[in-house]
Amino acid sequence: MHRIAYDAGRLVEHQGDTLADLDRQPVDLPQVWIDVQGLADLDLIRALGERYGLHPLTIADVVHVNQRPKVDTYGDHLFIVLRLPHQEDRLSTEQLSIVLGRGFVLTFQEQPGDCFEPVRERLRHAGRQIRSRGVDYLAYALIDALIDSYFPILERLGEQIEGMEQQVIAAPDPD
């Protein structure tokens with residue numbers, strides 16, 4: 001679990017395995033992003049849900065990772081599900097759950113590793129637009145980074161298709 005709390009002038013970043021780890025470093029900053037990588041600790045996810053007043057259906061959808069992309073509104077928070085792409089030997093995706101509430105963004109990923117380091121770097125630098133805007137802008141920046149992560153994969157797939165097309169044109173075969 002990784003927490004970044006910030007305002008336009010200050011930023012506090014902390015890594016911890018439990019909420020108690022994060023609570024040892026109290027923060028009085030108005031905006032916070034908590035990123036949970038890995039969904040094995042159901043007690044932690046439930047505790048975050050209680051702390052931030054999440055609807056029980058939000059918690060259920062976070063841990064049931066076969067959700068299709070969607071946005072649900074629960075009064076005081078938005079729940080967004082997206083697919084985070086990975087390209088190793090083959091293309092796969094994992095569920096990324098984003099909860100946007102008053103003064104906080106929670107992200108839940110199935111596994112470690114993501115495309116959000118550029119967003120973290122922007123947050124770490126004072127004077128950046130992302131630090132002076134609300135958490136809704138942070139959620140937008142996270143979604144934008146996720147969408148950008150699809151482009152290298154799409155380019156590779158396009159190149160593979162072009163290669164197959166060249167083979168078909170150069171040596172046509174009934175098959």
# chains A, B, ... in the order shown; residues from 1 in each chain; ligands from 1

$ select_by_dssp --residues "chain A" --states "alpha helix (DSSP H)" --output "CSV table (one decimal) with C-alpha atoms, in the first residue's frame"
chain,number,residue,atom,x,y,z
A,19,LEU,CA,-3.3,0.9,7.9
A,20,ALA,CA,-1.5,1.0,11.2
A,21,ASP,CA,1.8,1.5,9.2
A,22,LEU,CA,0.2,4.5,7.5
A,23,ASP,CA,-1.4,5.8,10.7
A,42,LEU,CA,-9.4,-8.6,2.4
A,43,ASP,CA,-9.2,-7.2,5.9
A,44,LEU,CA,-7.2,-4.3,4.7
A,45,ILE,CA,-9.6,-3.6,1.8
A,46,ARG,CA,-12.6,-3.8,4.2
A,47,ALA,CA,-10.8,-1.5,6.7
A,48,LEU,CA,-10.1,1.0,3.9
A,49,GLY,CA,-13.8,0.7,2.9
A,50,GLU,CA,-14.9,1.5,6.5
A,51,ARG,CA,-12.5,4.4,6.9
A,56,PRO,CA,-20.5,-2.5,0.4
A,57,LEU,CA,-21.1,-3.1,-3.3
A,58,THR,CA,-17.9,-1.1,-4.0
A,59,ILE,CA,-15.9,-3.4,-1.8
A,60,ALA,CA,-17.4,-6.5,-3.4
A,61,ASP,CA,-16.6,-5.3,-6.9
A,62,VAL,CA,-13.0,-4.4,-5.9
A,63,VAL,CA,-12.3,-8.1,-5.0
A,117,GLU,CA,4.9,6.3,-12.1
A,118,PRO,CA,4.7,9.5,-14.3
A,119,VAL,CA,1.7,10.6,-12.2
A,120,ARG,CA,3.6,10.0,-9.0
A,121,GLU,CA,6.5,12.0,-10.4
A,122,ARG,CA,4.2,14.9,-11.3
A,123,LEU,CA,2.8,14.8,-7.8
A,124,ARG,CA,6.3,14.9,-6.2
A,129,GLN,CA,-0.9,21.8,-11.9
A,130,ILE,CA,-1.8,18.3,-10.5
A,131,ARG,CA,-0.8,19.5,-7.0
A,132,SER,CA,-3.1,22.6,-7.0
A,135,VAL,CA,-8.5,14.7,-6.4
A,136,ASP,CA,-10.9,14.6,-9.4
A,137,TYR,CA,-8.0,15.9,-11.5
A,138,LEU,CA,-5.7,13.1,-10.0
A,139,ALA,CA,-8.3,10.5,-11.0
A,140,TYR,CA,-8.3,12.0,-14.5
A,141,ALA,CA,-4.5,11.9,-14.6
A,142,LEU,CA,-4.6,8.2,-13.5
A,143,ILE,CA,-7.1,7.3,-16.2
A,144,ASP,CA,-5.2,9.2,-18.8
A,145,ALA,CA,-2.0,7.4,-17.9
A,146,LEU,CA,-3.8,4.0,-18.2
A,147,ILE,CA,-5.1,4.9,-21.6
A,148,ASP,CA,-1.7,6.0,-22.7
A,149,SER,CA,-0.3,2.6,-21.7
A,150,TYR,CA,-2.4,1.0,-24.4
A,151,PHE,CA,-0.6,2.9,-27.2
A,152,PRO,CA,2.7,0.9,-27.2
A,153,ILE,CA,0.7,-2.3,-27.3
A,154,LEU,CA,-1.5,-1.1,-30.1
A,155,GLU,CA,1.6,-0.1,-32.1
A,156,ARG,CA,3.2,-3.5,-31.6
A,157,LEU,CA,-0.1,-5.2,-32.7
A,158,GLY,CA,-0.2,-2.9,-35.7
A,159,GLU,CA,3.3,-3.9,-36.7
A,160,GLN,CA,2.5,-7.6,-36.4
A,161,ILE,CA,-0.6,-7.1,-38.6
A,162,GLU,CA,1.4,-5.2,-41.2
A,163,GLY,CA,4.0,-8.0,-41.2
A,164,MET,CA,1.3,-10.7,-41.8
A,165,GLU,CA,-0.3,-8.5,-44.5
A,166,GLN,CA,3.1,-8.2,-46.3
A,167,GLN,CA,3.5,-12.0,-46.1
A,168,VAL,CA,0.0,-12.5,-47.7
A,169,ILE,CA,0.8,-10.1,-50.4
A,170,ALA,CA,4.3,-11.4,-51.1

$ select_by_dssp --residues "stretch 100-160 of chain A" --states "strand (DSSP E or B)" --output "list in words"
Leu100, Gly101, Phe104, Val105, Leu106, Thr107, Phe108 and Gln109 of chain A

$ residues_around --residues "stretch 24-30 of chain A" --least-positions-apart "3" --cutoff "8 Å" --atoms "only C-alpha atoms" --output "list of chain:residue names"
A:Ala5, A:Tyr6, A:Asp7, A:Arg10, A:Leu11, A:Val12, A:His14, A:Ala20, A:Asp21, A:Gly103

$ residues_around --residues "A:Gly75" --least-positions-apart "5" --cutoff "10 Å" --atoms "only C-alpha atoms" --output "JSON, numbers by chain"
{"A": [54, 55, 101]}

$ write_last_selection --atoms "N, CA, C and O atoms" --output "compact mmCIF listing (two decimals), in the first residue's frame"
# COMPACT_ATOMS: atom_id res chain seq x y z
N LEU A 54 -17.09 3.57 2.13
CA LEU A 54 -17.45 3.01 0.84
C LEU A 54 -18.67 2.12 0.94
O LEU A 54 -18.87 1.42 1.94
N HIS A 55 -19.46 2.13 -0.10
CA HIS A 55 -20.64 1.27 -0.18
C HIS A 55 -20.18 -0.19 -0.21
O HIS A 55 -19.16 -0.51 -0.83
N GLY A 101 -13.56 10.05 -4.01
CA GLY A 101 -14.43 10.64 -3.01
C GLY A 101 -13.95 12.04 -2.65
O GLY A 101 -13.02 12.57 -3.26

$ atom_distance --atom1 "atom CA of A:Ala40" --atom2 "atom CA of A:Glu110"
8.6 Å

$ closest_residue --among "A:Arg133, A:Arg90, A:His64, A:His2" --to "A:Thr107" --atoms "only C-alpha atoms"
A:His2

$ atom_distance --atom1 "atom CA of A:Ile34" --atom2 "atom CA of A:Pro112"
13.8 Å

$ residues_around --residues "A:His77" --least-positions-apart "2" --cutoff "7 Å" --atoms "only C-alpha atoms" --output "number ranges by chain"
A: 73-75, 79, 99-101

$ closest_residue --among "A:Ala126, A:Asp114, A:Phe104, A:Pro85" --to "A:Arg3" --atoms "only C-alpha atoms"
A:Phe104

$ atom_distance --atom1 "atom CA of A:Trp33" --atom2 "atom CA of A:Val65"
20.9 Å
